[in-house]
Amino acid sequence: MRVKYITEIAFALIIARWKQTGVAAVGVTFSITLFIALLGFMEGLNTLLDSLILNRTPHIRLYNDLKISDNQPISMSSKYKDNYNFINSVKPYNTRKEIYNVAKIINQLENDKRVFGIAPKISTQVFYNVGNIELNGVINGIDVEKEAKLFFFNDYVIEGDYKDLKKIANSIILGKGAADKMLAKVGDIINITTSNGEQFSLKVVGFFQSGMAELDKVQSYASLATTQKLLGKPENYISDIQIKIYEIEKAPMIAIEYSKLFGVDAEDIQTANSQFETGSSVRSLISYAVGLTLLIVSGFGISNILNMLIYEKMDTIAILKATGFDSSDIKKIFTTISLTIGICGGVAGLLFGFLLSLLIDSIPFVTASLPTVETYPIDYGIRYYITAITFALFTTYFAGWFPARKASKLDPVIIIRVR
C-alpha cells in the first residue's frame with residue numbers, strides 16, 4: 001500500500017512541475033540520441049577504414065625476408081672470435097624469394113584446424129610501358145578463387161569480371177590509378193617490362209580499386225600462372241603464403257610457431273597493421289567520452305531541477321512527514337521522480353537515436369576512392385543502446401539520490417514554523 005502512495009505522490013509532483021521535468025527528460029533524450037548516433041557513426045567509420053586494409057591483409061603471411069647474414073666471415077675467424085667486431089655497410093646475402101617445399105607447407109596448413117583458408121601469392125616489380133615512358137608497377141600473382149573467398153577480391157573489381165584472370169591467358173586487372181595514367185580500357189593490350197628486362201603483352205580484363213589511391217597507381221593483378229611466366233619460373237614458384245585463421249587474436253603466437261616450423265619469416269596482422277588498431281581504439285574512446293559526458297551533463301540538469309522542486313515543495317514534504325511518511329519514503333518519492341525522468345527520456349532517446357542513425361545511413365556518400373560505398377557508414381550494434389540506457393539510468397538515479405537524501409533530512413517542525 002505504501003508503494004502505491006509513494007508512486008501516486010511522485011507522479012503528482014511530476015505533473016505539478018511538468019515543464020521542468022519535461023525539460024529534464026528532453027535533456028536525457030538528447031544525450032542518448034547523440035550518444036547512439038555518434039557511436040554508431042564512429043564505429044561504422046572505423047569498420048569502413050579498417051576493412052580497406054584488414055580485409056585485404058592476411059592474418060599471417062609466410063615469406064622469405066631480405067636480411068643480412070647472422071654469421072659474418074670475421075666472426076668465423078678464430079683470431080677475432082672473442083672480440084667485439086663492428087662491421088659497416090653490411091649487405092644482405094643472396095637469399096631465395098620463393099618458399100622452399102611450398103606444396104608440403106600448403107598441405108600441412110590445409111590440415112591445421114586453426115586455419116580458415118590459405119591463398120598463395122607472387123609479387124613482382126614491373127614497368128608499364130606507355131609510349132616512351134615507363135611507369136613503376138607491381139603485379140600480384142594470385143589464385144583468383146581463393147583471393148575472392150578470403151580477401152573479398154571481387155568486391156574491389158569495379159569493372160570487368162575477376163574470373164577472367166583464370167579463364168583468359170596472359171590477362172591482367174589494372175589498378176584504377178594505373179589504368180587512368182595509361183588511358184587503358186577493358187579489352188586493351190598493354191606492354192610491360194619485367195625486372196629481368198623481358199617484355200610481355202597482357203590483355204586488360206578489368207580494373208581494381210582498393211580505396212587507397214597511391215596503391216592503385218602501381219598495383220595490378222594477374223593469375224599465378226601468368227606471373228610465373230613473366231618471371232620465367234616453374235609452377236611451384238610461390239613467394240608468399242597468405243593465411244586466415246579462425247581466431248585472429250592468436251595470430252602473433254601462431255606466426256611464431258609457423259616461422260620455426262617451416263623455416264620462413266612470418267608476419268602477423270597485429271604487427272603489420274598496429275597503427276590502424278590504435279587509430280580505431282582512439283576514435284572509439286573519444287566517442288564514448290563525448291557521449292558519456294553528455295549523459296553526465298543531463299544528470300546535473302536533473303539534479304538541479306529536483307533541488308528546485310524540493311525548495312518549492314518543502315511544505316508538501318512537511319505535511320507528508322507529519323502524516324506518517326518517514327525519511328526513507330521521502331527519499332523513495334524523489335528517487336522515483338528521477339528514475340521516471342530517466343526511463344522516459346531514455347526510451348525516447350533510444351528511439352530517436354535509431355531514427356537519427358537511419359537518417360545518417362541514408363545520406364549519400366560519394367567518393368571516387370570508395371566506389372562500393374554509397375552512404376555514410378553506421379554500426380547498429382545493440383551494445384550502444386544497452387550502454388546508453390544503462391548509463392542514463394545510473395546517472396539519473398544518482399542525480400536524484402542526492403536531492404532525495406536532502407529532502408529526507410528536512411525537519412517538518414522547522415518547515416512549518418518558517419512557513
# chains A, B, ... in the order shown; residues from 1 in each chain; ligands from 1

call {"tool": "closest_atom_pairs", "arguments": {"of": "segment 181-289 of chain A", "to": "segment 37-45 of chain A", "cutoff": "7 Å", "atoms": "only C-alpha atoms", "output": "CSV"}}
result
residue,atom,partner,partner_atom,distance
A:Ser284,CA,A:Met42,CA,6.7
A:Ser287,CA,A:Leu39,CA,5.9
A:Tyr288,CA,A:Leu39,CA,6.9

call {"tool": "select_by_dssp", "arguments": {"residues": "segment 107-149 of chain A", "states": "alpha helix (DSSP H)", "output": "MDAnalysis selection string"}}
result
chainID A and resid 107:110 144:149

call {"tool": "closest_residue", "arguments": {"among": "A:Leu231, A:Ala24, A:Ile60, A:Ile99", "to": "Glu249 of chain A", "atoms": "only C-alpha atoms"}}
result
A:Ile60

call {"tool": "closest_atom_pairs", "arguments": {"of": "segment 160-198 of chain A", "to": "segment 221-226 of chain A", "cutoff": "12 Å", "atoms": "only C-alpha atoms", "output": "tab-separated table"}}
result
residue	atom	partner	partner_atom	distance
A:Tyr162	CA	A:Tyr221	CA	9.5
A:Lys163	CA	A:Ser223	CA	9.7
A:Asp164	CA	A:Ser223	CA	9.4
A:Leu165	CA	A:Ser223	CA	5.7
A:Lys166	CA	A:Ser223	CA	6.1
A:Lys167	CA	A:Ser223	CA	9.5
A:Ile168	CA	A:Ser223	CA	9.4
A:Ala169	CA	A:Thr226	CA	7.0
A:Asn170	CA	A:Thr226	CA	5.6
A:Ser171	CA	A:Ala222	CA	6.3
A:Ile172	CA	A:Ala222	CA	4.8
A:Ile173	CA	A:Tyr221	CA	5.1
A:Leu174	CA	A:Tyr221	CA	6.5
A:Gly175	CA	A:Tyr221	CA	8.0
A:Lys176	CA	A:Tyr221	CA	11.5
A:Ala178	CA	A:Tyr221	CA	11.7

call {"tool": "write_last_selection", "arguments": {"atoms": "N, CA and C atoms", "output": "mmCIF file, in the first residue's frame"}}
result
data_model
loop_
_atom_site.group_PDB
_atom_site.id
_atom_site.type_symbol
_atom_site.label_atom_id
_atom_site.label_comp_id
_atom_site.auth_asym_id
_atom_site.auth_seq_id
_atom_site.Cartn_x
_atom_site.Cartn_y
_atom_site.Cartn_z
ATOM 1 N N TYR A 162 36.416 -10.551 -62.502
ATOM 2 C CA TYR A 162 37.672 -11.018 -61.917
ATOM 3 C C TYR A 162 37.993 -12.451 -62.330
ATOM 4 N N LYS A 163 36.981 -13.261 -62.670
ATOM 5 C CA LYS A 163 37.213 -14.652 -63.054
ATOM 6 C C LYS A 163 37.934 -14.776 -64.397
ATOM 7 N N ASP A 164 37.933 -13.676 -65.184
ATOM 8 C CA ASP A 164 38.623 -13.715 -66.476
ATOM 9 C C ASP A 164 40.125 -13.882 -66.316
ATOM 10 N N LEU A 165 40.666 -13.529 -65.158
ATOM 11 C CA LEU A 165 42.094 -13.733 -64.921
ATOM 12 C C LEU A 165 42.464 -15.203 -65.079
ATOM 13 N N LYS A 166 41.555 -16.068 -64.645
ATOM 14 C CA LYS A 166 41.806 -17.508 -64.718
ATOM 15 C C LYS A 166 41.422 -18.070 -66.081
ATOM 16 N N LYS A 167 40.400 -17.483 -66.694
ATOM 17 C CA LYS A 167 39.899 -18.019 -67.966
ATOM 18 C C LYS A 167 40.756 -17.591 -69.154
ATOM 19 N N ILE A 168 41.271 -16.350 -69.102
ATOM 20 C CA ILE A 168 41.997 -15.790 -70.247
ATOM 21 C C ILE A 168 43.490 -15.786 -69.948
ATOM 22 N N ALA A 169 44.264 -16.413 -70.797
ATOM 23 C CA ALA A 169 45.721 -16.447 -70.615
ATOM 24 C C ALA A 169 46.317 -15.057 -70.831
ATOM 25 N N ASN A 170 47.393 -14.782 -70.113
ATOM 26 C CA ASN A 170 48.126 -13.507 -70.251
ATOM 27 C C ASN A 170 47.200 -12.301 -70.067
ATOM 28 N N SER A 171 46.401 -12.336 -69.008
ATOM 29 C CA SER A 171 45.472 -11.237 -68.726
ATOM 30 C C SER A 171 45.884 -10.531 -67.442
ATOM 31 N N ILE A 172 45.349 -9.326 -67.271
ATOM 32 C CA ILE A 172 45.711 -8.522 -66.115
ATOM 33 C C ILE A 172 44.530 -7.646 -65.706
ATOM 34 N N ILE A 173 44.364 -7.429 -64.400
ATOM 35 C CA ILE A 173 43.415 -6.444 -63.871
ATOM 36 C C ILE A 173 44.239 -5.287 -63.330
ATOM 37 N N LEU A 174 44.095 -4.133 -63.943
ATOM 38 C CA LEU A 174 44.901 -2.968 -63.585
ATOM 39 C C LEU A 174 44.303 -2.221 -62.394
ATOM 40 N N GLY A 175 45.173 -1.647 -61.572
ATOM 41 C CA GLY A 175 44.723 -0.696 -60.573
ATOM 42 C C GLY A 175 44.130 0.512 -61.274
ATOM 43 N N LYS A 176 43.076 1.096 -60.696
ATOM 44 C CA LYS A 176 42.374 2.189 -61.377
ATOM 45 C C LYS A 176 43.297 3.372 -61.657
ATOM 46 N N ALA A 178 46.575 3.305 -62.142
ATOM 47 C CA ALA A 178 47.484 2.949 -63.231
ATOM 48 C C ALA A 178 46.753 2.970 -64.572
#

call {"tool": "residues_around", "arguments": {"residues": "Thr29 of chain A", "least_positions_apart": "4", "cutoff": "9 Å", "atoms": "only C-alpha atoms", "output": "list in words"}}
result
Ala24, Ala25, Thr33, Leu34, Gly342, Cys344, Gly345, Gly346, Val347, Ala348, Gly349, Leu350, Phe352 and Gly353 of chain A

call {"tool": "atom_distance", "arguments": {"atom1": "atom CA of Thr336 of chain A", "atom2": "atom CA of Trp18 of chain A"}}
result
14.7 Å

call {"tool": "residues_around", "arguments": {"residues": "Ser259 of chain A", "least_positions_apart": "4", "cutoff": "12 Å", "atoms": "only C-alpha atoms", "output": "JSON, numbers by chain"}}
result
{"A": [60, 61, 62, 63, 64, 65, 99, 105, 241, 251, 252, 253, 254, 255, 263, 264, 265, 266, 267, 268]}

call {"tool": "residues_around", "arguments": {"residues": "Asn136 of chain A", "least_positions_apart": "4", "cutoff": "8 Å", "atoms": "only C-alpha atoms", "output": "MDAnalysis selection string"}}
result
chainID A and resid 125:128 218

call {"tool": "atom_distance", "arguments": {"atom1": "atom CA of Phe207 of chain A", "atom2": "atom CA of Val157 of chain A"}}
result
5.7 Å

call {"tool": "residues_around", "arguments": {"residues": "Met182 of chain A", "least_positions_apart": "6", "cutoff": "9 Å", "atoms": "only C-alpha atoms", "output": "list of chain:residue names"}}
result
A:Tyr128, A:Asn129, A:Val130, A:Ile190

call {"tool": "closest_residue", "arguments": {"among": "A:Gln228, A:Ser239, A:Asn55, A:Thr390", "to": "Thr194 of chain A", "atoms": "only C-alpha atoms"}}
result
A:Gln228

call {"tool": "closest_residue", "arguments": {"among": "A:Ala272, A:Val282, A:Leu202, A:Ile139", "to": "Pro58 of chain A", "atoms": "only C-alpha atoms"}}
result
A:Ala272

call {"tool": "closest_residue", "arguments": {"among": "A:Phe300, A:Phe151, A:Tyr380, A:Phe11", "to": "Phe398 of chain A", "atoms": "only C-alpha atoms"}}
result
A:Phe300

call {"tool": "select_by_dssp", "arguments": {"residues": "segment 31-264 of chain A", "states": "strand (DSSP E or B)", "output": "PyMOL selection string"}}
result
chain A and resi 60-63+115-130+133-142+157-160+171-175+189-194+199-208+219-223+240-245

call {"tool": "closest_residue", "arguments": {"among": "A:Asp326, A:Asp112, A:Asp143, A:Glu134", "to": "Thr227 of chain A", "atoms": "only C-alpha atoms"}}
result
A:Asp143

call {"tool": "atom_distance", "arguments": {"atom1": "atom CA of Pro364 of chain A", "atom2": "atom CA of Ile158 of chain A"}}
result
18.7 Å
